[in-house]
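*Asks:* The following block contains the structure, expressed as C-alpha coordinates.
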Amino acid sequence: MREKTAAPLGTLIYALDDVPPPGPATLAAVQHILAAIVGIVTPTLIIGGVLGLGAEVPYLIAMSLFVSGVATFIQCRRIGPVGSGLLSLQGTSFAFLGAVLAAGFAVKGRGGTPEDILAMIFGLCLVGCLVEIVLSQFIGRLGRIITPTVTGVVITVIGLSLVKVGFTDFAGGATAGENLGDPVNLALGFLVVAVILVLSFHANPMIRISAIMLGLVAGFLVALVLGKVDVSSFGAGPLVALPMPLRYGLDFDLALFLPIAFIYLITAIETTGDLTANSVIAGEPVKGDLYLSRIKGGVLADGVNSGLAALFNTFPNTTFSQNNGVIQMTGVASRHVGLYIAGILVVMGFLPVIGSVFLMIPKPVIGGATLVLFGTIAVAGIRILASEEIDRRKAYIMAVSFGLGLGVTLVPDATQQLPDFIRQVFATPITLAGLSAIILSLAIPESAVDEPAAPAVAKSAVAAE
(Lines give C-alpha, C1' and ligand atoms only; values in the text may rest on other atoms or scores of the structure.)
Protein backbone atom coordinates (compact mmCIF):
# COMPACT_ATOMS: atom_id res chain seq x y z
CA MET A 1 0.00 0.00 0.00
CA ARG A 2 1.40 3.42 -1.02
CA GLU A 3 2.04 5.85 1.81
CA LYS A 4 0.17 9.11 1.95
CA THR A 5 1.95 11.74 -0.12
CA ALA A 6 2.87 15.25 0.84
CA ALA A 7 1.00 18.12 -0.76
CA PRO A 8 3.11 19.34 -3.71
CA LEU A 9 4.36 22.93 -3.59
CA GLY A 10 2.60 24.44 -6.58
CA THR A 11 0.80 22.71 -9.43
CA LEU A 12 2.62 19.79 -11.05
CA ILE A 13 2.32 19.39 -14.81
CA TYR A 14 4.21 16.11 -14.81
CA ALA A 15 4.39 14.01 -11.63
CA LEU A 16 7.26 11.72 -10.65
CA ASP A 17 6.35 8.71 -12.82
CA ASP A 18 4.85 10.62 -15.76
CA VAL A 19 6.68 10.47 -19.08
CA PRO A 20 6.75 13.92 -20.76
CA PRO A 21 7.06 14.15 -24.56
CA PRO A 22 10.61 14.77 -25.84
CA GLY A 23 10.06 18.51 -26.37
CA PRO A 24 8.93 19.47 -22.86
CA ALA A 25 11.40 16.98 -21.35
CA THR A 26 14.35 18.52 -23.23
CA LEU A 27 13.27 22.06 -22.30
CA ALA A 28 13.01 21.13 -18.61
CA ALA A 29 16.40 19.34 -18.79
CA VAL A 30 18.10 22.42 -20.27
CA GLN A 31 16.68 24.60 -17.48
CA HIS A 32 18.09 22.20 -14.87
CA ILE A 33 21.51 22.28 -16.54
CA LEU A 34 21.52 26.10 -16.74
CA ALA A 35 20.79 26.23 -13.00
CA ALA A 36 23.51 23.71 -12.16
CA ILE A 37 26.39 24.07 -14.62
CA VAL A 38 28.21 26.81 -12.69
CA GLY A 39 28.00 24.71 -9.54
CA ILE A 40 29.31 21.66 -11.38
CA VAL A 41 32.41 23.25 -12.92
CA THR A 42 33.33 25.99 -10.40
CA PRO A 43 34.86 23.70 -7.73
CA THR A 44 37.19 22.28 -10.37
CA LEU A 45 38.09 25.78 -11.57
CA ILE A 46 38.91 26.83 -8.01
CA ILE A 47 40.92 23.71 -7.18
CA GLY A 48 42.79 23.87 -10.47
CA GLY A 49 43.60 27.56 -10.09
CA VAL A 50 44.59 27.53 -6.43
CA LEU A 51 46.73 24.38 -6.68
CA GLY A 52 48.28 25.35 -10.01
CA LEU A 53 47.03 22.38 -12.02
CA GLY A 54 47.30 24.35 -15.27
CA ALA A 55 46.78 22.32 -18.43
CA GLU A 56 44.91 19.56 -16.59
CA VAL A 57 41.94 21.80 -15.77
CA PRO A 58 39.96 21.54 -19.07
CA TYR A 59 40.10 17.74 -18.86
CA LEU A 60 39.08 17.82 -15.18
CA ILE A 61 36.12 20.07 -16.03
CA ALA A 62 35.09 17.71 -18.83
CA MET A 63 35.19 14.80 -16.39
CA SER A 64 33.10 16.73 -13.86
CA LEU A 65 30.37 17.10 -16.48
CA PHE A 66 30.67 13.48 -17.61
CA VAL A 67 30.46 12.07 -14.09
CA SER A 68 27.59 14.41 -13.19
CA GLY A 69 25.68 12.95 -16.12
CA VAL A 70 26.34 9.35 -15.10
CA ALA A 71 25.59 10.14 -11.45
CA THR A 72 22.32 11.88 -12.33
CA PHE A 73 21.26 8.85 -14.36
CA ILE A 74 21.95 6.52 -11.42
CA GLN A 75 20.17 8.82 -8.94
CA CYS A 76 17.05 9.28 -11.08
CA ARG A 77 16.82 5.82 -12.67
CA ARG A 78 17.57 3.91 -9.44
CA ILE A 79 19.60 0.79 -10.19
CA GLY A 80 18.68 -1.84 -7.61
CA PRO A 81 19.06 -0.19 -4.19
CA VAL A 82 21.26 2.61 -5.57
CA GLY A 83 19.46 5.87 -6.26
CA SER A 84 16.46 7.75 -4.93
CA GLY A 85 14.29 7.43 -8.04
CA LEU A 86 13.53 11.16 -7.74
CA LEU A 87 14.36 13.94 -10.20
CA SER A 88 17.60 14.86 -8.45
CA LEU A 89 20.58 16.27 -10.32
CA GLN A 90 24.07 15.34 -9.11
CA GLY A 91 27.07 17.61 -9.35
CA THR A 92 30.46 18.42 -7.86
CA SER A 93 30.16 19.31 -4.19
CA PHE A 94 31.43 22.64 -2.82
CA ALA A 95 31.51 21.14 0.68
CA PHE A 96 34.75 19.24 -0.05
CA LEU A 97 36.68 22.28 -1.29
CA GLY A 98 38.41 23.13 1.99
CA ALA A 99 39.50 19.56 2.74
CA VAL A 100 40.57 18.91 -0.87
CA LEU A 101 42.62 22.13 -1.01
CA ALA A 102 44.26 21.27 2.32
CA ALA A 103 45.30 17.86 0.96
CA GLY A 104 46.54 19.44 -2.26
CA PHE A 105 48.63 22.04 -0.41
CA ALA A 106 50.15 19.30 1.77
CA VAL A 107 51.30 17.36 -1.29
CA LYS A 108 52.45 20.50 -3.05
CA GLY A 109 54.44 21.48 0.04
CA ARG A 110 56.35 18.20 -0.26
CA GLY A 111 57.34 19.13 -3.81
CA GLY A 112 54.60 17.10 -5.49
CA THR A 113 53.70 17.57 -9.14
CA PRO A 114 50.11 18.24 -10.35
CA GLU A 115 49.84 14.50 -11.04
CA ASP A 116 50.93 13.72 -7.47
CA ILE A 117 48.38 16.19 -6.09
CA LEU A 118 45.52 14.69 -8.11
CA ALA A 119 46.55 11.12 -7.26
CA MET A 120 46.37 11.95 -3.55
CA ILE A 121 43.04 13.79 -3.82
CA PHE A 122 41.36 11.06 -5.83
CA GLY A 123 42.75 8.32 -3.60
CA LEU A 124 41.41 10.06 -0.48
CA CYS A 125 38.02 10.64 -2.09
CA LEU A 126 37.75 7.05 -3.33
CA VAL A 127 38.32 5.62 0.15
CA GLY A 128 36.15 8.33 1.68
CA CYS A 129 33.11 7.39 -0.40
CA LEU A 130 32.97 4.15 1.62
CA VAL A 131 32.06 6.27 4.65
CA GLU A 132 28.90 7.53 2.96
CA ILE A 133 28.07 4.13 1.48
CA VAL A 134 28.13 2.57 4.95
CA LEU A 135 26.30 5.49 6.57
CA SER A 136 23.48 5.26 4.03
CA GLN A 137 22.29 2.09 5.76
CA PHE A 138 22.10 3.84 9.14
CA ILE A 139 20.87 7.23 7.98
CA GLY A 140 17.95 7.23 10.39
CA ARG A 141 20.28 7.02 13.40
CA LEU A 142 22.77 9.71 12.40
CA GLY A 143 20.54 12.44 13.77
CA ARG A 144 21.59 11.50 17.30
CA ILE A 145 25.21 12.46 16.58
CA ILE A 146 24.99 14.88 13.65
CA THR A 147 22.51 17.34 15.13
CA PRO A 148 21.38 20.60 13.48
CA THR A 149 23.89 22.39 15.71
CA VAL A 150 26.78 20.25 14.42
CA THR A 151 25.62 20.48 10.80
CA GLY A 152 25.07 24.23 11.03
CA VAL A 153 28.51 24.82 12.56
CA VAL A 154 30.29 22.75 9.89
CA ILE A 155 28.45 24.30 6.94
CA THR A 156 29.00 27.82 8.27
CA VAL A 157 32.73 27.17 8.75
CA ILE A 158 32.96 25.67 5.25
CA GLY A 159 31.56 28.87 3.76
CA LEU A 160 33.60 31.25 5.90
CA SER A 161 36.87 29.34 5.46
CA LEU A 162 36.49 29.52 1.67
CA VAL A 163 35.87 33.27 1.56
CA LYS A 164 39.65 33.85 1.47
CA VAL A 165 39.88 31.77 -1.72
CA GLY A 166 37.01 33.66 -3.33
CA PHE A 167 38.28 37.08 -2.32
CA THR A 168 41.81 36.32 -3.53
CA ASP A 169 40.36 35.65 -6.99
CA PHE A 170 38.17 38.75 -6.59
CA ALA A 171 41.34 40.83 -6.23
CA GLY A 172 43.09 39.19 -9.19
CA GLY A 173 44.11 35.67 -8.15
CA ALA A 174 46.99 34.10 -6.25
CA THR A 175 49.34 34.53 -9.22
CA ALA A 176 48.44 38.19 -9.87
CA GLY A 177 51.64 39.45 -8.23
CA GLU A 178 51.80 43.26 -8.30
CA ASN A 179 48.39 43.39 -10.01
CA LEU A 180 46.66 41.95 -6.93
CA GLY A 181 44.06 44.49 -5.89
CA ASP A 182 44.23 46.39 -9.18
CA PRO A 183 41.15 48.70 -9.37
CA VAL A 184 40.07 47.07 -12.64
CA ASN A 185 40.11 43.65 -10.96
CA LEU A 186 38.04 44.93 -8.05
CA ALA A 187 35.63 46.65 -10.42
CA LEU A 188 35.06 43.42 -12.35
CA GLY A 189 34.44 41.52 -9.12
CA PHE A 190 31.97 44.13 -7.87
CA LEU A 191 30.23 44.13 -11.25
CA VAL A 192 29.62 40.38 -11.05
CA VAL A 193 28.32 40.68 -7.48
CA ALA A 194 26.01 43.55 -8.51
CA VAL A 195 24.59 41.63 -11.49
CA ILE A 196 23.98 38.55 -9.34
CA LEU A 197 22.20 40.62 -6.69
CA VAL A 198 20.00 42.44 -9.20
CA LEU A 199 19.02 39.28 -11.05
CA SER A 200 18.45 37.33 -7.83
CA PHE A 201 15.47 39.62 -7.14
CA HIS A 202 14.08 39.56 -10.70
CA ALA A 203 10.40 38.72 -11.17
CA ASN A 204 11.22 35.87 -13.58
CA PRO A 205 12.01 32.67 -11.58
CA MET A 206 14.28 31.29 -14.31
CA ILE A 207 16.39 34.44 -14.29
CA ARG A 208 16.66 34.25 -10.49
CA ILE A 209 17.86 30.65 -10.64
CA SER A 210 20.37 31.49 -13.39
CA ALA A 211 21.64 34.68 -11.69
CA ILE A 212 25.15 33.38 -10.98
CA MET A 213 25.66 32.08 -14.49
CA LEU A 214 24.39 35.35 -16.00
CA GLY A 215 26.65 37.28 -13.63
CA LEU A 216 29.64 35.33 -14.95
CA VAL A 217 28.57 36.01 -18.56
CA ALA A 218 28.20 39.74 -17.89
CA GLY A 219 31.59 39.93 -16.15
CA PHE A 220 33.25 37.94 -18.94
CA LEU A 221 31.87 40.22 -21.66
CA VAL A 222 33.03 43.38 -19.86
CA ALA A 223 36.46 41.79 -19.23
CA LEU A 224 36.64 40.92 -22.94
CA VAL A 225 36.00 44.55 -23.90
CA LEU A 226 38.67 45.67 -21.41
CA GLY A 227 41.21 43.23 -22.86
CA LYS A 228 41.37 41.17 -19.68
CA VAL A 229 40.52 37.83 -21.35
CA ASP A 230 43.36 35.58 -22.48
CA VAL A 231 42.07 33.62 -25.50
CA SER A 232 45.43 32.08 -26.40
CA SER A 233 44.69 28.77 -24.65
CA PHE A 234 41.24 28.31 -26.17
CA GLY A 235 41.03 25.20 -28.31
CA ALA A 236 44.68 24.31 -27.71
CA GLY A 237 43.80 20.84 -26.43
CA PRO A 238 41.91 18.04 -28.18
CA LEU A 239 38.35 18.73 -29.31
CA VAL A 240 37.11 15.37 -27.99
CA ALA A 241 38.48 13.36 -25.06
CA LEU A 242 37.45 9.94 -23.79
CA PRO A 243 37.18 9.31 -20.05
CA MET A 244 40.29 7.49 -18.79
CA PRO A 245 39.80 5.81 -15.38
CA LEU A 246 42.64 6.43 -12.92
CA ARG A 247 44.49 8.66 -15.36
CA TYR A 248 46.55 10.14 -12.50
CA GLY A 249 46.75 7.03 -10.31
CA LEU A 250 45.82 6.89 -6.61
CA ASP A 251 47.60 7.77 -3.37
CA PHE A 252 46.57 7.88 0.30
CA ASP A 253 47.52 9.57 3.58
CA LEU A 254 45.57 8.87 6.77
CA ALA A 255 46.07 12.33 8.28
CA LEU A 256 44.80 14.00 5.11
CA PHE A 257 41.94 11.50 4.88
CA LEU A 258 40.18 12.35 8.15
CA PRO A 259 38.92 15.81 7.11
CA ILE A 260 37.53 14.38 3.86
CA ALA A 261 35.88 11.47 5.70
CA PHE A 262 34.20 13.98 8.02
CA ILE A 263 32.74 15.90 5.07
CA TYR A 264 31.25 12.67 3.69
CA LEU A 265 29.47 12.33 7.03
CA ILE A 266 28.01 15.83 6.76
CA THR A 267 27.13 15.33 3.09
CA ALA A 268 24.98 12.32 3.99
CA ILE A 269 22.88 14.57 6.25
CA GLU A 270 22.66 17.31 3.61
CA THR A 271 21.52 14.85 0.97
CA THR A 272 18.78 13.61 3.28
CA GLY A 273 17.48 17.17 3.55
CA ASP A 274 17.69 17.79 -0.21
CA LEU A 275 15.82 14.59 -1.05
CA THR A 276 13.17 15.29 1.57
CA ALA A 277 12.58 18.74 0.04
CA ASN A 278 12.45 17.11 -3.39
CA SER A 279 9.78 14.68 -2.15
CA VAL A 280 7.68 17.52 -0.74
CA ILE A 281 7.83 19.50 -4.01
CA ALA A 282 6.96 16.38 -6.03
CA GLY A 283 4.04 15.47 -3.75
CA GLU A 284 5.72 12.23 -2.68
CA PRO A 285 5.76 10.64 0.81
CA VAL A 286 7.97 12.17 3.49
CA LYS A 287 7.48 9.31 5.93
CA GLY A 288 7.07 5.55 5.75
CA ASP A 289 8.92 2.71 4.03
CA LEU A 290 8.93 4.21 0.52
CA TYR A 291 10.36 7.50 1.76
CA LEU A 292 13.04 5.79 3.87
CA SER A 293 13.95 3.55 0.93
CA ARG A 294 14.41 6.58 -1.30
CA ILE A 295 16.54 8.38 1.28
CA LYS A 296 18.77 5.34 1.80
CA GLY A 297 19.06 4.81 -1.94
CA GLY A 298 19.82 8.49 -2.55
CA VAL A 299 22.57 8.67 0.07
CA LEU A 300 23.97 5.35 -1.16
CA ALA A 301 24.02 6.79 -4.70
CA ASP A 302 25.87 9.85 -3.37
CA GLY A 303 28.60 7.57 -2.05
CA VAL A 304 28.74 5.35 -5.13
CA ASN A 305 28.76 8.35 -7.47
CA SER A 306 31.58 9.99 -5.50
CA GLY A 307 33.52 6.75 -5.93
CA LEU A 308 32.91 6.90 -9.68
CA ALA A 309 34.03 10.54 -9.62
CA ALA A 310 37.36 9.55 -8.06
CA LEU A 311 37.84 6.75 -10.57
CA PHE A 312 37.07 9.07 -13.49
CA ASN A 313 39.30 11.91 -12.31
CA THR A 314 36.93 14.41 -10.75
CA PHE A 315 35.79 15.47 -7.28
CA PRO A 316 33.02 14.12 -5.00
CA ASN A 317 29.42 14.42 -6.14
CA THR A 318 26.27 15.26 -4.22
CA THR A 319 22.64 16.19 -4.86
CA PHE A 320 22.05 19.79 -5.95
CA SER A 321 19.42 21.59 -3.88
CA GLN A 322 18.95 24.46 -6.38
CA ASN A 323 17.32 22.04 -8.80
CA ASN A 324 14.43 21.61 -6.39
CA GLY A 325 13.65 25.24 -7.25
CA VAL A 326 13.60 24.38 -10.95
CA ILE A 327 11.08 21.58 -10.30
CA GLN A 328 8.85 23.99 -8.39
CA MET A 329 9.17 26.65 -11.09
CA THR A 330 8.50 24.37 -14.09
CA GLY A 331 5.97 22.02 -12.48
CA VAL A 332 7.93 19.09 -13.94
CA ALA A 333 8.87 16.50 -11.31
CA SER A 334 9.19 13.54 -13.70
CA ARG A 335 12.29 11.48 -13.01
CA HIS A 336 12.41 10.68 -16.73
CA VAL A 337 13.62 14.26 -17.30
CA GLY A 338 16.69 13.21 -15.33
CA LEU A 339 17.62 10.84 -18.16
CA TYR A 340 17.65 13.78 -20.59
CA ILE A 341 19.78 15.81 -18.15
CA ALA A 342 22.17 12.87 -17.83
CA GLY A 343 22.48 12.46 -21.59
CA ILE A 344 23.26 16.14 -22.20
CA LEU A 345 25.86 16.26 -19.42
CA VAL A 346 27.60 13.09 -20.64
CA VAL A 347 27.87 14.51 -24.17
CA MET A 348 29.28 17.75 -22.77
CA GLY A 349 31.77 15.65 -20.81
CA PHE A 350 33.33 14.40 -24.05
CA LEU A 351 34.20 17.98 -25.04
CA PRO A 352 37.22 19.45 -23.20
CA VAL A 353 36.72 22.61 -25.24
CA ILE A 354 33.93 23.49 -22.79
CA GLY A 355 36.52 23.43 -20.04
CA SER A 356 38.72 25.73 -22.10
CA VAL A 357 35.87 28.24 -22.27
CA PHE A 358 35.55 28.33 -18.49
CA LEU A 359 39.33 28.57 -18.15
CA MET A 360 39.26 31.86 -20.08
CA ILE A 361 37.11 33.54 -17.44
CA PRO A 362 39.31 36.07 -15.59
CA LYS A 363 39.96 35.44 -11.90
CA PRO A 364 38.14 38.59 -10.68
CA VAL A 365 34.99 37.46 -12.51
CA ILE A 366 35.19 34.01 -10.94
CA GLY A 367 35.96 35.65 -7.58
CA GLY A 368 32.83 37.79 -7.75
CA ALA A 369 30.67 34.70 -8.27
CA THR A 370 32.43 32.49 -5.73
CA LEU A 371 32.33 35.23 -3.09
CA VAL A 372 28.53 35.12 -3.33
CA LEU A 373 28.47 31.30 -3.46
CA PHE A 374 30.70 30.86 -0.41
CA GLY A 375 28.79 33.50 1.49
CA THR A 376 25.59 31.66 0.61
CA ILE A 377 27.03 28.44 2.04
CA ALA A 378 27.77 30.23 5.31
CA VAL A 379 24.25 31.69 5.39
CA ALA A 380 22.80 28.21 4.84
CA GLY A 381 24.68 27.05 7.94
CA ILE A 382 23.42 30.02 9.94
CA ARG A 383 19.87 29.21 8.90
CA ILE A 384 20.27 25.66 10.16
CA LEU A 385 21.58 26.99 13.48
CA ALA A 386 18.68 29.43 13.72
CA SER A 387 16.08 26.74 12.92
CA GLU A 388 16.12 25.76 16.61
CA GLU A 389 16.15 27.87 19.74
CA ILE A 390 19.74 28.76 20.65
CA ASP A 391 19.87 28.01 24.38
CA ARG A 392 22.89 28.39 26.68
CA ARG A 393 24.23 24.91 25.81
CA LYS A 394 24.08 25.42 22.02
CA ALA A 395 25.51 28.92 22.33
CA TYR A 396 28.67 27.62 24.01
CA ILE A 397 28.98 24.70 21.59
CA MET A 398 28.82 27.18 18.70
CA ALA A 399 31.18 29.66 20.39
CA VAL A 400 33.96 27.13 21.03
CA SER A 401 33.56 25.39 17.66
CA PHE A 402 33.63 28.66 15.70
CA GLY A 403 36.52 29.95 17.79
CA LEU A 404 38.68 26.90 17.10
CA GLY A 405 37.65 26.45 13.46
CA LEU A 406 38.15 30.07 12.45
CA GLY A 407 41.18 30.35 14.73
CA VAL A 408 43.25 27.89 12.69
CA THR A 409 42.07 29.67 9.53
CA LEU A 410 43.24 33.06 10.72
CA VAL A 411 46.41 31.85 12.52
CA PRO A 412 47.55 28.74 10.60
CA ASP A 413 50.98 28.76 12.30
CA ALA A 414 49.36 28.03 15.66
CA THR A 415 49.56 24.28 14.98
CA GLN A 416 53.04 24.18 13.44
CA GLN A 417 54.74 22.64 16.51
CA LEU A 418 52.31 19.73 16.82
CA PRO A 419 53.28 16.27 15.49
CA ASP A 420 52.67 16.05 11.74
CA PHE A 421 49.69 13.68 11.95
CA ILE A 422 47.87 15.79 14.56
CA ARG A 423 48.76 19.04 12.82
CA GLN A 424 47.39 17.90 9.47
CA VAL A 425 44.12 16.86 11.10
CA PHE A 426 43.57 19.87 13.31
CA ALA A 427 44.89 22.47 10.91
CA THR A 428 41.74 21.90 8.83
CA PRO A 429 39.06 24.28 10.16
CA ILE A 430 36.17 22.07 9.02
CA THR A 431 37.41 19.04 10.92
CA LEU A 432 38.36 20.96 14.04
CA ALA A 433 35.03 22.81 14.20
CA GLY A 434 33.02 19.68 13.44
CA LEU A 435 34.78 17.45 15.95
CA SER A 436 34.51 20.18 18.59
CA ALA A 437 30.77 20.48 17.98
CA ILE A 438 30.25 16.71 18.18
CA ILE A 439 32.35 16.24 21.33
CA LEU A 440 30.74 19.18 23.10
CA SER A 441 27.24 18.04 22.08
CA LEU A 442 27.93 14.68 23.70
CA ALA A 443 29.79 16.09 26.71
CA ILE A 444 27.44 18.89 27.76
CA PRO A 445 24.19 17.32 29.01
CA GLU A 446 20.80 18.61 27.94
CA SER A 447 20.08 19.18 31.64
CA ALA A 448 22.63 22.00 31.58
CA VAL A 449 20.07 24.11 29.76
CA ASP A 450 18.18 26.45 32.04
CA GLU A 451 17.37 29.46 29.87
CA PRO A 452 17.87 30.77 26.32
CA ALA A 453 21.21 32.39 25.58
CA ALA A 454 19.78 35.63 24.19
CA PRO A 455 18.14 36.84 27.45
CA ALA A 456 21.40 36.06 29.30
CA VAL A 457 23.31 38.31 26.93
CA ALA A 458 20.66 41.01 27.32
CA LYS A 459 21.00 40.87 31.13
CA SER A 460 24.79 41.25 30.87
CA ALA A 461 24.35 44.29 28.62
CA VAL A 462 21.94 45.90 31.05
CA ALA A 463 24.33 45.25 33.97
CA ALA A 464 27.20 46.79 32.00
CA GLU A 465 25.17 49.92 31.42
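Here's how to read the names in the C-alpha coordinates: chain A, B, ... by the order shown, residue numbers from 1 in each chain, ligand numbers from 1 in the order shown.
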Excluding Phe252 (chain A) and its own-chain neighbours fewer than 6 positions away, which residues fall within 8 Å of it when counting only C-alpha atoms? Please give them as a list in words.
*Replies:*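 In the requested form, the answer reads Met120, Gly123 and Leu124 of chain A.
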*Asks:* Give me, as a list in words, the residues of region 10-52 of chain A that a backbone DSSP run labels alpha helix (DSSP H).
*Replies:*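 Residues of region 10-52 of chain A classed as alpha helix (DSSP H): Pro22, Gly23, Pro24, Ala25, Thr26, Leu27, Ala28, Ala29, Val30, Gln31, His32, Ile33, Leu34, Ala35, Ala36, Ile37, Val38, Gly39, Ile40, Val41, Thr42, Pro43, Thr44, Leu45, Ile46, Ile47, Gly48, Gly49 and Val50 of chain A.
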*Asks:* Between A:Leu27, A:Ala176, A:Ile121, A:Val332, which has the minimum distance to Pro316 (chain A) (counting only C-alpha atoms)?
*Replies:*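 Among the listed residues, A:Ile121 lies closest to Pro316 (chain A).
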*Asks:* Have a look at A:Val217, A:Val184, A:Leu406, A:Ala99 and name the one nearest to Phe262 (chain A); count only C-alpha atoms.
*Replies:*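 Of A:Val217, A:Val184, A:Leu406, A:Ala99, the one nearest Phe262 (chain A), counting only C-alpha atoms, is A:Ala99.
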*Asks:* Any idea what's packed within 7 Å of Gly91 (chain A), counting only C-alpha atoms, ignoring anything in its chain fewer than 4 positions away? Could you give it as a count of residues only?
*Replies:* 6
*Asks:* Please, what distance in Å, to one decimal, runs between CA of Gly249 (chain A) and CA of Thr44 (chain A)?
*Replies:* 18.0 Å
*Asks:* Which residue is closest to Ala194 (chain A)? Choose from A:Val365, A:Ile430, A:Ile397, A:Leu16 and count only C-alpha atoms.
*Replies:*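 Looking only at the distances to Ala194 (chain A), the closest residue turns out to be A:Val365.
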